[in-house]
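Coordinates as given in entry.txt (compact mmCIF, N, CA and C atoms):
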# COMPACT_ATOMS: atom_id res chain seq x y z
N MET A 1 0.82 -1.20 0.00
CA MET A 1 0.00 0.00 0.00
C MET A 1 0.86 1.26 0.00
N ASN A 2 2.13 1.14 0.24
CA ASN A 2 3.03 2.29 0.28
C ASN A 2 3.01 3.06 -1.04
N ARG A 3 2.99 2.34 -2.16
CA ARG A 3 2.95 3.01 -3.45
C ARG A 3 1.68 3.84 -3.58
N ASP A 4 0.55 3.28 -3.16
CA ASP A 4 -0.70 4.03 -3.21
C ASP A 4 -0.65 5.25 -2.29
N GLU A 5 -0.10 5.07 -1.11
CA GLU A 5 0.02 6.20 -0.19
C GLU A 5 0.81 7.33 -0.82
N ASP A 6 1.93 7.01 -1.42
CA ASP A 6 2.75 8.03 -2.08
C ASP A 6 1.97 8.73 -3.19
N ASN A 7 1.26 7.96 -3.99
CA ASN A 7 0.51 8.54 -5.10
C ASN A 7 -0.66 9.38 -4.62
N VAL A 8 -1.34 8.93 -3.57
CA VAL A 8 -2.45 9.71 -3.02
C VAL A 8 -1.92 11.04 -2.47
N ARG A 9 -0.81 10.99 -1.78
CA ARG A 9 -0.22 12.23 -1.27
C ARG A 9 0.18 13.16 -2.42
N ARG A 10 0.67 12.60 -3.49
CA ARG A 10 1.06 13.41 -4.66
C ARG A 10 -0.19 14.07 -5.27
N ILE A 11 -1.28 13.33 -5.36
CA ILE A 11 -2.53 13.90 -5.89
C ILE A 11 -2.97 15.07 -5.02
N ILE A 12 -2.89 14.91 -3.71
CA ILE A 12 -3.25 16.00 -2.80
C ILE A 12 -2.37 17.22 -3.06
N GLU A 13 -1.08 17.00 -3.27
CA GLU A 13 -0.17 18.12 -3.57
C GLU A 13 -0.59 18.85 -4.84
N TYR A 14 -0.95 18.09 -5.89
CA TYR A 14 -1.39 18.74 -7.13
C TYR A 14 -2.70 19.50 -6.92
N CYS A 15 -3.61 18.94 -6.13
CA CYS A 15 -4.85 19.66 -5.81
C CYS A 15 -4.53 20.96 -5.09
N ASP A 16 -3.59 20.90 -4.17
CA ASP A 16 -3.18 22.11 -3.44
C ASP A 16 -2.55 23.14 -4.38
N LEU A 17 -1.82 22.68 -5.38
CA LEU A 17 -1.22 23.61 -6.34
C LEU A 17 -2.29 24.30 -7.19
N VAL A 18 -3.36 23.58 -7.52
CA VAL A 18 -4.48 24.22 -8.23
C VAL A 18 -5.07 25.31 -7.34
N GLU A 19 -5.26 24.98 -6.07
CA GLU A 19 -5.79 25.97 -5.13
C GLU A 19 -4.85 27.17 -5.00
N ASP A 20 -3.55 26.92 -4.97
CA ASP A 20 -2.57 28.03 -4.95
C ASP A 20 -2.73 28.92 -6.18
N ASN A 21 -2.94 28.31 -7.35
CA ASN A 21 -3.15 29.09 -8.57
C ASN A 21 -4.37 29.98 -8.44
N MET A 22 -5.41 29.45 -7.82
CA MET A 22 -6.63 30.24 -7.67
C MET A 22 -6.42 31.41 -6.72
N ARG A 23 -5.58 31.24 -5.74
CA ARG A 23 -5.26 32.37 -4.86
C ARG A 23 -4.38 33.38 -5.60
N THR A 24 -3.51 32.91 -6.44
CA THR A 24 -2.58 33.79 -7.15
C THR A 24 -3.25 34.53 -8.31
N PHE A 25 -3.99 33.80 -9.14
CA PHE A 25 -4.55 34.39 -10.36
C PHE A 25 -5.96 34.94 -10.17
N GLY A 26 -6.70 34.39 -9.24
CA GLY A 26 -8.09 34.80 -9.03
C GLY A 26 -8.97 33.58 -8.87
N SER A 27 -10.11 33.79 -8.27
CA SER A 27 -10.93 32.63 -7.96
C SER A 27 -12.28 32.64 -8.67
N ASP A 28 -12.37 33.37 -9.78
CA ASP A 28 -13.61 33.26 -10.54
C ASP A 28 -13.30 32.93 -12.00
N GLU A 29 -14.32 32.49 -12.68
CA GLU A 29 -14.13 32.00 -14.04
C GLU A 29 -13.62 33.08 -14.99
N GLU A 30 -14.02 34.31 -14.78
CA GLU A 30 -13.54 35.41 -15.62
C GLU A 30 -12.02 35.54 -15.55
N ASP A 31 -11.49 35.47 -14.33
CA ASP A 31 -10.02 35.51 -14.16
C ASP A 31 -9.38 34.38 -14.95
N PHE A 32 -9.97 33.21 -14.84
CA PHE A 32 -9.44 32.03 -15.52
C PHE A 32 -9.46 32.20 -17.04
N LEU A 33 -10.59 32.66 -17.56
CA LEU A 33 -10.73 32.79 -19.01
C LEU A 33 -9.83 33.87 -19.59
N GLU A 34 -9.41 34.82 -18.78
CA GLU A 34 -8.58 35.93 -19.26
C GLU A 34 -7.08 35.66 -19.17
N SER A 35 -6.68 34.57 -18.54
CA SER A 35 -5.25 34.33 -18.32
C SER A 35 -4.80 32.98 -18.86
N HIS A 36 -4.04 33.05 -19.95
CA HIS A 36 -3.49 31.81 -20.53
C HIS A 36 -2.55 31.12 -19.54
N ALA A 37 -1.81 31.90 -18.76
CA ALA A 37 -0.90 31.30 -17.76
C ALA A 37 -1.69 30.52 -16.71
N PHE A 38 -2.81 31.06 -16.27
CA PHE A 38 -3.68 30.41 -15.31
C PHE A 38 -4.22 29.11 -15.91
N GLN A 39 -4.72 29.18 -17.13
CA GLN A 39 -5.28 28.01 -17.81
C GLN A 39 -4.22 26.91 -17.97
N SER A 40 -3.06 27.29 -18.47
CA SER A 40 -2.00 26.32 -18.75
C SER A 40 -1.50 25.66 -17.47
N SER A 41 -1.32 26.45 -16.46
CA SER A 41 -0.82 25.92 -15.19
C SER A 41 -1.81 24.92 -14.60
N CYS A 42 -3.07 25.28 -14.59
CA CYS A 42 -4.08 24.37 -14.03
C CYS A 42 -4.23 23.12 -14.89
N ALA A 43 -4.20 23.28 -16.20
CA ALA A 43 -4.28 22.12 -17.09
C ALA A 43 -3.12 21.16 -16.83
N PHE A 44 -1.94 21.72 -16.58
CA PHE A 44 -0.78 20.87 -16.26
C PHE A 44 -1.04 20.07 -14.99
N TYR A 45 -1.55 20.70 -13.95
CA TYR A 45 -1.79 19.99 -12.69
C TYR A 45 -2.89 18.95 -12.83
N VAL A 46 -3.93 19.25 -13.60
CA VAL A 46 -4.98 18.26 -13.84
C VAL A 46 -4.39 17.07 -14.60
N THR A 47 -3.52 17.34 -15.55
CA THR A 47 -2.85 16.27 -16.28
C THR A 47 -2.00 15.42 -15.34
N GLN A 48 -1.29 16.05 -14.44
CA GLN A 48 -0.45 15.33 -13.48
C GLN A 48 -1.30 14.48 -12.53
N ILE A 49 -2.46 15.00 -12.13
CA ILE A 49 -3.36 14.21 -11.29
C ILE A 49 -3.78 12.96 -12.05
N GLY A 50 -4.19 13.12 -13.28
CA GLY A 50 -4.59 11.96 -14.10
C GLY A 50 -3.48 10.96 -14.28
N GLU A 51 -2.28 11.45 -14.49
CA GLU A 51 -1.12 10.56 -14.65
C GLU A 51 -0.86 9.80 -13.35
N THR A 52 -1.00 10.47 -12.23
CA THR A 52 -0.76 9.82 -10.94
C THR A 52 -1.85 8.80 -10.65
N VAL A 53 -3.08 9.09 -11.02
CA VAL A 53 -4.17 8.12 -10.84
C VAL A 53 -3.86 6.84 -11.59
N LYS A 54 -3.22 6.96 -12.75
CA LYS A 54 -2.85 5.76 -13.52
C LYS A 54 -1.89 4.85 -12.75
N ARG A 55 -1.21 5.38 -11.75
CA ARG A 55 -0.25 4.59 -10.98
C ARG A 55 -0.86 3.99 -9.71
N LEU A 56 -2.14 4.30 -9.44
CA LEU A 56 -2.80 3.71 -8.27
C LEU A 56 -3.12 2.24 -8.56
N SER A 57 -3.08 1.43 -7.52
CA SER A 57 -3.34 0.00 -7.70
C SER A 57 -4.82 -0.25 -7.98
N VAL A 58 -5.08 -1.38 -8.63
CA VAL A 58 -6.46 -1.80 -8.88
C VAL A 58 -7.20 -1.95 -7.56
N GLU A 59 -6.52 -2.43 -6.54
CA GLU A 59 -7.12 -2.58 -5.21
C GLU A 59 -7.59 -1.23 -4.68
N PHE A 60 -6.75 -0.22 -4.79
CA PHE A 60 -7.13 1.11 -4.31
C PHE A 60 -8.34 1.63 -5.07
N LEU A 61 -8.31 1.52 -6.39
CA LEU A 61 -9.40 2.03 -7.21
C LEU A 61 -10.70 1.30 -6.90
N THR A 62 -10.62 -0.01 -6.70
CA THR A 62 -11.79 -0.82 -6.37
C THR A 62 -12.35 -0.46 -5.00
N ASN A 63 -11.46 -0.17 -4.05
CA ASN A 63 -11.90 0.18 -2.70
C ASN A 63 -12.41 1.61 -2.59
N ASN A 64 -12.29 2.38 -3.65
CA ASN A 64 -12.75 3.78 -3.68
C ASN A 64 -13.60 4.01 -4.93
N PRO A 65 -14.74 3.33 -5.00
CA PRO A 65 -15.55 3.37 -6.23
C PRO A 65 -16.37 4.65 -6.40
N SER A 66 -16.33 5.55 -5.42
CA SER A 66 -17.15 6.76 -5.54
C SER A 66 -16.61 7.74 -6.57
N ARG A 67 -15.43 7.51 -7.05
CA ARG A 67 -14.79 8.39 -8.04
C ARG A 67 -14.79 7.70 -9.39
N ASP A 68 -15.03 8.46 -10.45
CA ASP A 68 -14.94 7.93 -11.81
C ASP A 68 -13.48 8.01 -12.25
N TRP A 69 -12.72 6.99 -11.87
CA TRP A 69 -11.28 6.99 -12.12
C TRP A 69 -10.97 6.99 -13.62
N SER A 70 -11.75 6.27 -14.41
CA SER A 70 -11.48 6.26 -15.85
C SER A 70 -11.78 7.64 -16.44
N GLY A 71 -12.74 8.37 -15.86
CA GLY A 71 -13.00 9.73 -16.32
C GLY A 71 -11.83 10.66 -16.02
N VAL A 72 -11.20 10.45 -14.86
CA VAL A 72 -10.03 11.27 -14.48
C VAL A 72 -8.89 11.03 -15.47
N THR A 73 -8.61 9.76 -15.74
CA THR A 73 -7.49 9.46 -16.65
C THR A 73 -7.84 9.81 -18.09
N GLY A 74 -9.12 9.68 -18.45
CA GLY A 74 -9.54 10.05 -19.80
C GLY A 74 -9.41 11.54 -20.04
N PHE A 75 -9.76 12.34 -19.02
CA PHE A 75 -9.62 13.79 -19.14
C PHE A 75 -8.15 14.16 -19.24
N ARG A 76 -7.31 13.46 -18.48
CA ARG A 76 -5.85 13.68 -18.57
C ARG A 76 -5.38 13.46 -20.00
N ASP A 77 -5.82 12.34 -20.59
CA ASP A 77 -5.40 12.02 -21.95
C ASP A 77 -5.89 13.08 -22.95
N PHE A 78 -7.11 13.53 -22.75
CA PHE A 78 -7.66 14.56 -23.63
C PHE A 78 -6.84 15.84 -23.55
N ILE A 79 -6.55 16.28 -22.32
CA ILE A 79 -5.76 17.50 -22.16
C ILE A 79 -4.38 17.34 -22.79
N ALA A 80 -3.76 16.21 -22.53
CA ALA A 80 -2.39 15.98 -23.02
C ALA A 80 -2.32 15.92 -24.54
N HIS A 81 -3.35 15.36 -25.17
CA HIS A 81 -3.26 15.13 -26.61
C HIS A 81 -4.11 16.07 -27.46
N ARG A 82 -5.04 16.78 -26.82
CA ARG A 82 -5.93 17.68 -27.57
C ARG A 82 -6.06 19.03 -26.89
N TYR A 83 -4.99 19.49 -26.28
CA TYR A 83 -5.00 20.72 -25.49
C TYR A 83 -5.62 21.90 -26.24
N GLU A 84 -5.38 21.97 -27.53
CA GLU A 84 -5.83 23.13 -28.30
C GLU A 84 -7.35 23.24 -28.42
N ILE A 85 -8.08 22.16 -28.11
CA ILE A 85 -9.54 22.24 -28.23
C ILE A 85 -10.26 22.04 -26.88
N ILE A 86 -9.56 22.23 -25.79
CA ILE A 86 -10.19 22.09 -24.47
C ILE A 86 -11.28 23.14 -24.31
N ASP A 87 -12.41 22.72 -23.82
CA ASP A 87 -13.48 23.64 -23.46
C ASP A 87 -13.10 24.23 -22.10
N LEU A 88 -12.72 25.49 -22.08
CA LEU A 88 -12.24 26.12 -20.85
C LEU A 88 -13.29 26.16 -19.75
N HIS A 89 -14.55 26.18 -20.12
CA HIS A 89 -15.61 26.16 -19.11
C HIS A 89 -15.65 24.79 -18.41
N VAL A 90 -15.41 23.73 -19.16
CA VAL A 90 -15.35 22.38 -18.58
C VAL A 90 -14.13 22.27 -17.67
N LEU A 91 -13.01 22.80 -18.11
CA LEU A 91 -11.81 22.77 -17.28
C LEU A 91 -12.04 23.56 -15.99
N TRP A 92 -12.67 24.72 -16.09
CA TRP A 92 -12.96 25.52 -14.90
C TRP A 92 -13.84 24.72 -13.94
N GLU A 93 -14.87 24.09 -14.46
CA GLU A 93 -15.76 23.28 -13.63
C GLU A 93 -14.98 22.16 -12.93
N THR A 94 -14.04 21.58 -13.63
CA THR A 94 -13.18 20.55 -13.03
C THR A 94 -12.39 21.14 -11.86
N LEU A 95 -11.89 22.34 -12.05
CA LEU A 95 -11.08 22.97 -11.00
C LEU A 95 -11.88 23.28 -9.75
N VAL A 96 -13.10 23.77 -9.93
CA VAL A 96 -13.86 24.23 -8.76
C VAL A 96 -14.74 23.15 -8.14
N VAL A 97 -15.04 22.10 -8.89
CA VAL A 97 -15.89 21.03 -8.35
C VAL A 97 -15.09 19.75 -8.12
N ASP A 98 -14.47 19.26 -9.18
CA ASP A 98 -13.83 17.94 -9.12
C ASP A 98 -12.54 17.92 -8.30
N ILE A 99 -11.74 18.96 -8.42
CA ILE A 99 -10.47 18.98 -7.69
C ILE A 99 -10.70 18.98 -6.17
N PRO A 100 -11.58 19.83 -5.63
CA PRO A 100 -11.83 19.74 -4.18
C PRO A 100 -12.40 18.38 -3.76
N GLU A 101 -13.27 17.80 -4.59
CA GLU A 101 -13.81 16.47 -4.28
C GLU A 101 -12.70 15.42 -4.29
N MET A 102 -11.81 15.52 -5.27
CA MET A 102 -10.69 14.58 -5.37
C MET A 102 -9.80 14.69 -4.13
N ARG A 103 -9.52 15.92 -3.73
CA ARG A 103 -8.67 16.12 -2.56
C ARG A 103 -9.31 15.52 -1.31
N ALA A 104 -10.62 15.77 -1.14
CA ALA A 104 -11.34 15.24 0.02
C ALA A 104 -11.32 13.71 0.01
N LEU A 105 -11.52 13.11 -1.14
CA LEU A 105 -11.49 11.65 -1.25
C LEU A 105 -10.11 11.10 -0.87
N CYS A 106 -9.07 11.77 -1.33
CA CYS A 106 -7.71 11.33 -1.02
C CYS A 106 -7.43 11.46 0.47
N GLU A 107 -7.85 12.55 1.07
CA GLU A 107 -7.69 12.74 2.52
C GLU A 107 -8.43 11.63 3.27
N GLN A 108 -9.64 11.35 2.84
CA GLN A 108 -10.45 10.30 3.47
C GLN A 108 -9.75 8.94 3.34
N SER A 109 -9.17 8.68 2.19
CA SER A 109 -8.46 7.41 1.96
C SER A 109 -7.28 7.27 2.91
N LEU A 110 -6.55 8.35 3.10
CA LEU A 110 -5.42 8.31 4.03
C LEU A 110 -5.89 8.09 5.46
N ARG A 111 -7.00 8.73 5.83
CA ARG A 111 -7.56 8.52 7.18
C ARG A 111 -7.99 7.07 7.38
N LYS A 112 -8.61 6.48 6.38
CA LYS A 112 -9.03 5.07 6.48
C LYS A 112 -7.84 4.16 6.71
N LEU A 113 -6.71 4.55 6.15
CA LEU A 113 -5.49 3.75 6.31
C LEU A 113 -4.75 4.12 7.59
N GLY A 114 -5.30 5.10 8.33
CA GLY A 114 -4.65 5.55 9.56
C GLY A 114 -3.42 6.38 9.32
N LEU A 115 -3.38 7.06 8.18
CA LEU A 115 -2.19 7.82 7.79
C LEU A 115 -2.39 9.33 7.90
N ARG A 116 -3.52 9.79 8.37
CA ARG A 116 -3.77 11.23 8.52
C ARG A 116 -4.22 11.52 9.90

Transcribe the structure of this file into structure tokens.
Amino acid sequence: MNRDEDNVRRIIEYCDLVEDNMRTFGSDEEDFLESHAFQSSCAFYVTQIGETVKRLSVEFLTNNPSRDWSGVTGFRDFIAHRYEIIDLHVLWETLVVDIPEMRALCEQSLRKLGLR
């Protein structure tokens, strides 16, 4: 489970970096839509989260079925390979809804393992 613990902690770090971006660049969609640096930085962190999810064990994913893990990795693949056609409104929604949920799930997983 050590590998999963490391990856879950890494996901939390990337979620925190998205939150840091929102404090730095602004916390509303208008700020996001007006700043290519904000968009690119957050897209990078979402991609990294998806890449890290790919390294989680089948056991971990099975024990945490409340998350659409294939959706997370699929979005990662889309961003990585089709960045030029990303719907920025969808990406924003991911940042403000899915990222906090992902972070909470990861924190809960660590608590279940007695690691938080």

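Among the candidate residues A:Leu113, A:Val18, A:Val97, A:Ile85, the one lying nearest to Ser41 (chain A) is A:Val18, with distances computed using only N, CA and C atoms.
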
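Atom N of Asp68 (chain A) is positioned 13.6 Å from atom C of Cys106 (chain A).
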
Practice task
Could you tell me which of A:Ile79, A:Leu105, A:Cys42, A:Ile11 comes closest to Thr24 (chain A) if we count only C-alpha atoms?
Solution key: A:Cys42

Practice task
Would you mind writing down, as JSON, numbers by chain, each residue of region 4-98 of chain A that DSSP on the backbone assigns to alpha helix (DSSP H)?
Solution key: {"A": [4, 5, 6, 7, 8, 9, 10, 11, 12, 13, 14, 15, 16, 17, 18, 19, 20, 21, 22, 23, 24, 25, 29, 30, 31, 32, 33, 34, 36, 37, 38, 39, 40, 41, 42, 43, 44, 45, 46, 47, 48, 49, 50, 51, 52, 53, 58, 59, 60, 61, 62, 63, 69, 70, 71, 72, 73, 74, 75, 76, 77, 78, 79, 80, 81, 82, 88, 89, 90, 91, 92, 93]}

Practice task
Go through A:Asn2, A:Gln39, A:Gln48, A:Ser27 and flag the residue nearest Leu88 (chain A), using only C-alpha atoms for the distances.
Solution key: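 Using only C-alpha atoms, Leu88 (chain A) sits closest to A:Gln39.
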
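Comparing A:Leu56, A:Val96, A:Leu91, A:Val46 by their smallest distance to Arg76 (chain A), the closest is A:Val46 (using only N, CA and C atoms).
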
Problem - Nearest residue to Glu5 (chain A) from the set A:Ala37, A:Phe32, A:Ser57, A:Ala104 (distances using all atoms listed in the file) - result: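 Ranked by minimum distance to Glu5 (chain A), first place goes to A:Ser57.
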
Problem - Pairwise distance for CA of Thr62 (chain A) and CA of Arg82 (chain A), rounded to one decimal in Å - result: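 For CA of Thr62 (chain A) relative to CA of Arg82 (chain A), the distance reads 28.7 Å.
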
Exercise for the section: One decimal, Å: what's the distance from atom C of Arg111 (chain A) over to CA of Val8 (chain A), could you say? Expected result: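 Interatomic distance, atom C of Arg111 (chain A) to CA of Val8 (chain A): 12.1 Å.
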
Handout entry: Proximity to Asn63 (chain A) - best of A:Glu93, A:Arg9, A:Glu34, A:Gln108, only C-alpha atoms
Key = A:Gln108

Need the shell around Lys54 (chain A): protein/DNA/RNA residues with any atom at most 8 Å away, counting all atoms listed in the file. Skip same-chain ones fewer than 5 positions apart. Format as a PDB file with N, CA and C atoms, in the coordinates of the input?
ATOM      1  N   GLN A  48      -1.290  16.050 -14.440  1.00  0.00           N
ATOM      2  CA  GLN A  48      -0.450  15.330 -13.480  1.00  0.00           C
ATOM      3  C   GLN A  48      -1.300  14.480 -12.530  1.00  0.00           C
ATOM      4  N   ILE A  49      -2.460  15.000 -12.130  1.00  0.00           N
ATOM      5  CA  ILE A  49      -3.360  14.210 -11.290  1.00  0.00           C
ATOM      6  C   ILE A  49      -3.780  12.960 -12.050  1.00  0.00           C
ATOM      7  N   TRP A  69     -12.720   6.990 -11.870  1.00  0.00           N
ATOM      8  CA  TRP A  69     -11.280   6.990 -12.120  1.00  0.00           C
ATOM      9  C   TRP A  69     -10.970   6.990 -13.620  1.00  0.00           C
ATOM     10  N   VAL A  72     -11.200  10.450 -14.860  1.00  0.00           N
ATOM     11  CA  VAL A  72     -10.030  11.270 -14.480  1.00  0.00           C
ATOM     12  C   VAL A  72      -8.890  11.030 -15.470  1.00  0.00           C
ATOM     13  N   THR A  73      -8.610   9.760 -15.740  1.00  0.00           N
ATOM     14  CA  THR A  73      -7.490   9.460 -16.650  1.00  0.00           C
ATOM     15  C   THR A  73      -7.840   9.810 -18.090  1.00  0.00           C
TER      16      THR A  73
END
